[in-house]
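Enquirer: Just structure31.csv, nothing more (CSV, N, CA, C and O atoms):
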```csv
chain,number,residue,atom,x,y,z
A,27,MET,N,37.9,54.9,146.4
A,27,MET,CA,38.2,56.0,145.6
A,27,MET,C,39.4,55.7,144.7
A,27,MET,O,39.4,56.0,143.5
A,28,ASP,N,40.5,55.1,145.3
A,28,ASP,CA,41.7,54.9,144.6
A,28,ASP,C,41.4,53.8,143.5
A,28,ASP,O,42.0,53.9,142.4
A,29,LEU,N,40.6,52.9,143.7
A,29,LEU,CA,40.3,51.8,142.7
A,29,LEU,C,39.5,52.5,141.5
A,29,LEU,O,39.9,52.2,140.4
A,30,LYS,N,38.6,53.4,141.8
A,30,LYS,CA,37.9,54.1,140.7
A,30,LYS,C,38.8,54.9,139.9
A,30,LYS,O,38.8,54.9,138.7
A,31,ARG,N,39.7,55.6,140.6
A,31,ARG,CA,40.7,56.4,139.9
A,31,ARG,C,41.7,55.6,139.1
A,31,ARG,O,42.0,56.0,138.0
A,32,SER,N,42.0,54.4,139.6
A,32,SER,CA,42.9,53.5,138.8
A,32,SER,C,42.2,53.0,137.6
A,32,SER,O,42.8,52.9,136.5
A,33,ARG,N,40.9,52.7,137.7
A,33,ARG,CA,40.2,52.2,136.5
A,33,ARG,C,40.1,53.3,135.5
A,33,ARG,O,40.3,53.0,134.3
A,34,ILE,N,39.8,54.5,135.9
A,34,ILE,CA,39.7,55.6,134.9
A,34,ILE,C,41.0,55.8,134.3
A,34,ILE,O,41.1,56.0,133.0
A,35,LEU,N,42.1,55.8,135.0
A,35,LEU,CA,43.4,56.0,134.4
A,35,LEU,C,43.8,54.9,133.4
A,35,LEU,O,44.3,55.1,132.4
A,36,VAL,N,43.4,53.6,133.7
A,36,VAL,CA,43.7,52.5,132.8
A,36,VAL,C,42.9,52.7,131.5
A,36,VAL,O,43.4,52.6,130.4
A,37,ILE,N,41.6,53.1,131.7
A,37,ILE,CA,40.8,53.3,130.5
A,37,ILE,C,41.3,54.5,129.6
A,37,ILE,O,41.4,54.4,128.4
A,38,LEU,N,41.7,55.6,130.3
A,38,LEU,CA,42.3,56.7,129.5
A,38,LEU,C,43.6,56.3,128.9
A,38,LEU,O,43.9,56.7,127.7
A,39,SER,N,44.4,55.5,129.5
A,39,SER,CA,45.6,55.0,128.9
A,39,SER,C,45.4,54.1,127.7
A,39,SER,O,46.1,54.3,126.7
A,40,LEU,N,44.4,53.3,127.8
A,40,LEU,CA,44.0,52.4,126.7
A,40,LEU,C,43.5,53.3,125.5
A,40,LEU,O,43.9,53.0,124.3
A,41,LEU,N,42.7,54.3,125.8
A,41,LEU,CA,42.2,55.1,124.7
A,41,LEU,C,43.4,55.9,124.1
A,41,LEU,O,43.4,56.1,122.9
A,42,LEU,N,44.3,56.3,124.9
A,42,LEU,CA,45.5,57.0,124.4
A,42,LEU,C,46.3,56.1,123.5
A,42,LEU,O,46.8,56.5,122.4
A,43,ALA,N,46.5,54.9,123.9
A,43,ALA,CA,47.3,53.9,123.1
A,43,ALA,C,46.6,53.7,121.8
A,43,ALA,O,47.3,53.6,120.8
A,44,VAL,N,45.3,53.5,121.8
A,44,VAL,CA,44.6,53.2,120.6
A,44,VAL,C,44.6,54.5,119.7
A,44,VAL,O,44.9,54.4,118.5
A,45,ALA,N,44.4,55.6,120.2
A,45,ALA,CA,44.5,56.9,119.5
A,45,ALA,C,45.9,57.1,118.9
A,45,ALA,O,46.1,57.6,117.8
A,46,GLY,N,46.9,56.7,119.7
A,46,GLY,CA,48.3,56.9,119.3
A,46,GLY,C,48.6,56.1,118.1
A,46,GLY,O,49.5,56.4,117.3
A,47,CYS,N,48.0,54.9,117.9
A,47,CYS,CA,48.2,54.1,116.8
A,47,CYS,C,47.6,54.6,115.5
A,47,CYS,O,47.9,54.1,114.4
A,48,ALA,N,46.6,55.5,115.7
A,48,ALA,CA,45.9,56.0,114.5
A,48,ALA,C,46.7,57.2,113.9
A,48,ALA,O,47.7,57.6,114.5
A,49,SER,N,46.3,57.7,112.8
A,49,SER,CA,46.9,58.8,112.2
A,49,SER,C,46.8,60.0,113.1
A,49,SER,O,45.9,60.1,114.0
A,50,THR,N,47.6,61.0,113.0
A,50,THR,CA,47.6,62.2,113.9
A,50,THR,C,46.6,63.2,113.4
A,50,THR,O,46.5,64.2,114.0
A,51,GLY,N,45.9,63.0,112.3
A,51,GLY,CA,45.0,64.0,111.8
A,51,GLY,C,43.6,63.6,112.0
A,51,GLY,O,43.3,62.5,112.4
A,52,GLY,N,42.7,64.6,111.8
A,52,GLY,CA,41.2,64.3,111.8
A,52,GLY,C,40.7,63.8,113.1
A,52,GLY,O,41.2,64.3,114.2
A,53,PHE,N,39.7,63.0,113.1
A,53,PHE,CA,39.1,62.5,114.3
A,53,PHE,C,40.0,61.9,115.3
A,53,PHE,O,40.0,62.2,116.5
A,54,PHE,N,40.9,61.0,114.8
A,54,PHE,CA,41.8,60.3,115.7
A,54,PHE,C,42.8,61.2,116.4
A,54,PHE,O,43.2,61.0,117.5
A,55,GLY,N,43.3,62.2,115.6
A,55,GLY,CA,44.2,63.2,116.2
A,55,GLY,C,43.5,64.0,117.3
A,55,GLY,O,44.1,64.2,118.4
A,56,ASP,N,42.3,64.4,117.0
A,56,ASP,CA,41.5,65.1,118.1
A,56,ASP,C,41.2,64.2,119.3
A,56,ASP,O,41.3,64.7,120.4
A,57,ALA,N,40.9,63.0,119.0
A,57,ALA,CA,40.7,62.0,120.1
A,57,ALA,C,41.9,61.9,121.0
A,57,ALA,O,41.8,61.8,122.2
A,58,ALA,N,43.1,61.8,120.3
A,58,ALA,CA,44.3,61.6,121.1
A,58,ALA,C,44.6,62.9,121.9
A,58,ALA,O,45.0,62.7,123.1
A,59,ILE,N,44.4,64.0,121.4
A,59,ILE,CA,44.6,65.3,122.1
A,59,ILE,C,43.6,65.3,123.3
A,59,ILE,O,44.0,65.6,124.5
A,60,THR,N,42.3,65.0,123.1
A,60,THR,CA,41.3,65.0,124.2
A,60,THR,C,41.8,64.1,125.3
A,60,THR,O,41.7,64.4,126.5
A,61,THR,N,42.2,62.9,124.9
A,61,THR,CA,42.6,61.9,125.9
A,61,THR,C,43.8,62.4,126.7
A,61,THR,O,43.9,62.2,127.9
A,62,LYS,N,44.8,63.0,126.0
A,62,LYS,CA,46.0,63.5,126.7
A,62,LYS,C,45.6,64.6,127.7
A,62,LYS,O,46.1,64.7,128.8
A,63,VAL,N,44.7,65.5,127.3
A,63,VAL,CA,44.3,66.6,128.2
A,63,VAL,C,43.5,66.1,129.4
A,63,VAL,O,43.7,66.5,130.5
A,64,LYS,N,42.6,65.1,129.1
A,64,LYS,CA,41.8,64.5,130.2
A,64,LYS,C,42.7,63.8,131.2
A,64,LYS,O,42.5,64.0,132.4
A,65,THR,N,43.7,63.1,130.7
A,65,THR,CA,44.7,62.5,131.6
A,65,THR,C,45.4,63.5,132.4
A,65,THR,O,45.6,63.3,133.6
A,66,ALA,N,45.9,64.6,131.8
A,66,ALA,CA,46.6,65.6,132.5
A,66,ALA,C,45.8,66.3,133.6
A,66,ALA,O,46.2,66.5,134.7
A,67,ILE,N,44.5,66.5,133.3
A,67,ILE,CA,43.6,67.1,134.3
A,67,ILE,C,43.3,66.1,135.4
A,67,ILE,O,43.3,66.4,136.5
A,68,PHE,N,43.1,64.8,135.0
A,68,PHE,CA,42.9,63.8,136.0
A,68,PHE,C,44.1,63.7,136.9
A,68,PHE,O,43.9,63.4,138.1
A,69,ASN,N,45.3,63.8,136.4
A,69,ASN,CA,46.5,63.6,137.3
A,69,ASN,C,46.8,64.9,138.1
A,69,ASN,O,47.7,64.8,138.9
A,70,GLU,N,46.1,66.0,137.9
A,70,GLU,CA,46.3,67.2,138.7
A,70,GLU,C,45.4,67.1,139.9
A,70,GLU,O,44.2,67.1,139.9
A,71,PRO,N,46.0,66.9,141.1
A,71,PRO,CA,45.2,66.7,142.3
A,71,PRO,C,44.4,67.8,142.8
A,71,PRO,O,43.4,67.6,143.5
A,72,THR,N,44.6,69.0,142.3
A,72,THR,CA,43.8,70.2,142.7
A,72,THR,C,42.6,70.3,141.9
A,72,THR,O,41.7,71.2,142.2
A,73,LEU,N,42.4,69.5,140.9
A,73,LEU,CA,41.2,69.7,140.0
A,73,LEU,C,40.3,68.5,140.2
A,73,LEU,O,40.7,67.3,140.4
A,74,LYS,N,39.0,68.7,140.2
A,74,LYS,CA,38.0,67.6,140.2
A,74,LYS,C,37.8,67.1,138.8
A,74,LYS,O,37.2,67.8,138.0
A,75,VAL,N,38.3,66.0,138.5
A,75,VAL,CA,38.2,65.5,137.1
A,75,VAL,C,36.8,65.3,136.5
A,75,VAL,O,36.6,65.6,135.4
A,76,MET,N,35.9,65.0,137.3
A,76,MET,CA,34.5,64.7,136.8
A,76,MET,C,33.8,66.0,136.5
A,76,MET,O,32.8,66.0,135.8
A,77,SER,N,34.2,67.2,137.0
A,77,SER,CA,33.5,68.4,136.7
A,77,SER,C,34.0,69.2,135.6
A,77,SER,O,33.5,70.2,135.3
A,78,ILE,N,35.0,68.7,134.9
A,78,ILE,CA,35.6,69.4,133.7
A,78,ILE,C,35.5,68.4,132.5
A,78,ILE,O,36.1,67.3,132.5
A,79,SER,N,34.8,68.9,131.5
A,79,SER,CA,34.7,68.1,130.2
A,79,SER,C,35.7,68.7,129.2
A,79,SER,O,36.0,69.9,129.2
A,80,VAL,N,36.2,67.8,128.4
A,80,VAL,CA,37.2,68.2,127.4
A,80,VAL,C,36.7,67.7,126.0
A,80,VAL,O,36.3,66.6,125.9
A,81,ALA,N,36.8,68.6,125.1
A,81,ALA,CA,36.4,68.3,123.7
A,81,ALA,C,37.5,68.9,122.8
A,81,ALA,O,38.0,70.0,123.1
A,82,THR,N,37.8,68.3,121.7
A,82,THR,CA,38.8,68.8,120.7
A,82,THR,C,38.2,68.7,119.3
A,82,THR,O,37.6,67.7,118.9
A,83,GLU,N,38.3,69.8,118.6
A,83,GLU,CA,37.8,69.9,117.2
A,83,GLU,C,38.8,70.7,116.4
A,83,GLU,O,39.2,71.8,116.7
A,84,ASP,N,39.3,70.0,115.4
A,84,ASP,CA,40.4,70.6,114.5
A,84,ASP,C,41.6,71.1,115.3
A,84,ASP,O,42.1,72.2,115.2
A,85,ASN,N,42.0,70.2,116.3
A,85,ASN,CA,43.2,70.5,117.1
A,85,ASN,C,43.0,71.7,118.1
A,85,ASN,O,44.0,72.1,118.7
A,86,VAL,N,41.8,72.1,118.3
A,86,VAL,CA,41.5,73.1,119.3
A,86,VAL,C,40.7,72.5,120.5
A,86,VAL,O,39.7,71.8,120.3
A,87,VAL,N,41.3,72.7,121.7
A,87,VAL,CA,40.7,72.1,122.8
A,87,VAL,C,39.7,73.0,123.5
A,87,VAL,O,40.0,74.2,123.7
A,88,TYR,N,38.6,72.4,123.9
A,88,TYR,CA,37.5,73.2,124.6
A,88,TYR,C,37.3,72.6,125.9
A,88,TYR,O,37.1,71.4,126.0
A,89,LEU,N,37.4,73.4,127.0
A,89,LEU,CA,37.1,72.9,128.3
A,89,LEU,C,35.7,73.5,128.7
A,89,LEU,O,35.5,74.6,128.5
A,90,SER,N,34.9,72.6,129.4
A,90,SER,CA,33.7,73.1,129.9
A,90,SER,C,33.4,72.4,131.2
A,90,SER,O,34.0,71.4,131.5
A,91,GLY,N,32.5,73.0,132.0
A,91,GLY,CA,32.2,72.4,133.3
A,91,GLY,C,32.1,73.5,134.4
A,91,GLY,O,32.1,74.7,134.1
A,92,THR,N,32.2,73.0,135.6
A,92,THR,CA,32.2,74.0,136.7
A,92,THR,C,33.4,73.8,137.6
A,92,THR,O,33.9,72.7,137.7
A,93,VAL,N,33.9,74.9,138.1
A,93,VAL,CA,35.0,74.9,139.1
A,93,VAL,C,34.6,75.8,140.2
A,93,VAL,O,33.7,76.6,140.2
A,94,LYS,N,35.3,75.6,141.3
A,94,LYS,CA,35.0,76.3,142.5
A,94,LYS,C,35.5,77.8,142.6
A,94,LYS,O,35.0,78.6,143.3
A,95,SER,N,36.6,78.0,141.8
A,95,SER,CA,37.2,79.3,141.9
A,95,SER,C,37.9,79.7,140.6
A,95,SER,O,38.1,78.8,139.7
A,96,ARG,N,38.3,80.9,140.5
A,96,ARG,CA,39.1,81.4,139.3
A,96,ARG,C,40.4,80.7,139.3
A,96,ARG,O,41.0,80.4,138.2
A,97,ALA,N,40.9,80.3,140.5
A,97,ALA,CA,42.2,79.6,140.5
A,97,ALA,C,42.1,78.2,139.9
A,97,ALA,O,43.0,77.8,139.2
A,98,GLU,N,41.0,77.5,140.2
A,98,GLU,CA,40.8,76.2,139.5
A,98,GLU,C,40.7,76.4,138.0
A,98,GLU,O,41.2,75.5,137.3
A,99,ARG,N,40.0,77.4,137.6
A,99,ARG,CA,39.8,77.7,136.2
A,99,ARG,C,41.2,77.9,135.5
A,99,ARG,O,41.5,77.3,134.5
A,100,ALA,N,42.0,78.7,136.2
A,100,ALA,CA,43.3,79.0,135.6
A,100,ALA,C,44.2,77.8,135.6
A,100,ALA,O,44.9,77.5,134.6
A,101,LYS,N,44.1,76.9,136.6
A,101,LYS,CA,44.9,75.7,136.7
A,101,LYS,C,44.5,74.7,135.6
A,101,LYS,O,45.3,74.1,134.9
A,102,ALA,N,43.2,74.6,135.3
A,102,ALA,CA,42.7,73.7,134.3
A,102,ALA,C,43.2,74.2,132.9
A,102,ALA,O,43.7,73.4,132.1
A,103,ILE,N,43.2,75.5,132.7
A,103,ILE,CA,43.7,76.0,131.4
A,103,ILE,C,45.2,75.8,131.3
A,103,ILE,O,45.7,75.4,130.3
A,104,GLN,N,45.9,76.0,132.4
A,104,GLN,CA,47.3,75.8,132.4
A,104,GLN,C,47.7,74.4,132.1
A,104,GLN,O,48.6,74.1,131.3
A,105,VAL,N,47.0,73.5,132.8
A,105,VAL,CA,47.3,72.0,132.6
A,105,VAL,C,47.0,71.7,131.1
A,105,VAL,O,47.8,71.0,130.5
A,106,ALA,N,45.9,72.1,130.6
A,106,ALA,CA,45.5,71.8,129.2
A,106,ALA,C,46.6,72.4,128.2
A,106,ALA,O,46.9,71.7,127.2
A,107,ARG,N,47.1,73.5,128.5
A,107,ARG,CA,48.1,74.2,127.6
A,107,ARG,C,49.5,73.4,127.6
A,107,ARG,O,50.2,73.6,126.7
A,108,THR,N,49.7,72.7,128.7
A,108,THR,CA,51.0,71.9,128.7
A,108,THR,C,51.0,70.7,127.9
A,108,THR,O,52.1,70.1,127.6
A,109,VAL,N,49.8,70.3,127.4
A,109,VAL,CA,49.7,69.1,126.6
A,109,VAL,C,50.1,69.4,125.1
A,109,VAL,O,49.6,70.4,124.6
A,110,GLU,N,50.9,68.5,124.5
A,110,GLU,CA,51.3,68.8,123.1
A,110,GLU,C,50.2,68.5,122.2
A,110,GLU,O,49.4,67.7,122.4
```
Let me see the structure of the file written as structure tokens.
Expert:
Amino acid sequence: MDLKRSRILVILSLLLAVAGCASTGGFFGDAAITTKVKTAIFNEPTLKVMSISVATEDNVVYLSGTVKSRAERAKAIQVARTVE
């Protein structure tokens, strides 16, 4: 499990690095935001990373998926809101 988590973290880090080198607007800006939010959710131990999808369009983040409780839902929203 730790190896899988490490691989995902490395991939997300690489995506963030590539997106960070691009302009901050348009598709690349949205991709960078999505990557940051996914990383933040992934790093939150109380959330199941694979059950929450993240999409960004025109700098607006959309979360979708399933969670076990309203508390997990609130936590996912809180984590996403902390991302710049």
Enquirer: Could you please determine the separation between atom C of Lys101 (chain A) and atom C of Phe54 (chain A) in Å, to one decimal place?
Expert: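 If I compute the distance from atom C of Lys101 (chain A) to atom C of Phe54 (chain A), I get 23.5 Å.
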Enquirer: Please indicate the distance in Å from atom O of Val105 (chain A) to atom O of Val63 (chain A), rounded to one decimal place.
Expert: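 Separation of atom O of Val105 (chain A) and atom O of Val63 (chain A): 6.1 Å.
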Enquirer: Could you tell me how far CA of Val87 (chain A) sits from CA of Leu73 (chain A), in Å to one decimal place?
Expert: 17.4 Å
Enquirer: Restricting the calculation to all atoms listed in the file: of A:Thr72, A:Arg96, A:Val86, A:Glu110, which residue gets closest to Ala58 (chain A)?
Expert: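 Of A:Thr72, A:Arg96, A:Val86, A:Glu110, the one nearest Ala58 (chain A) is A:Glu110, counting all atoms listed in the file.
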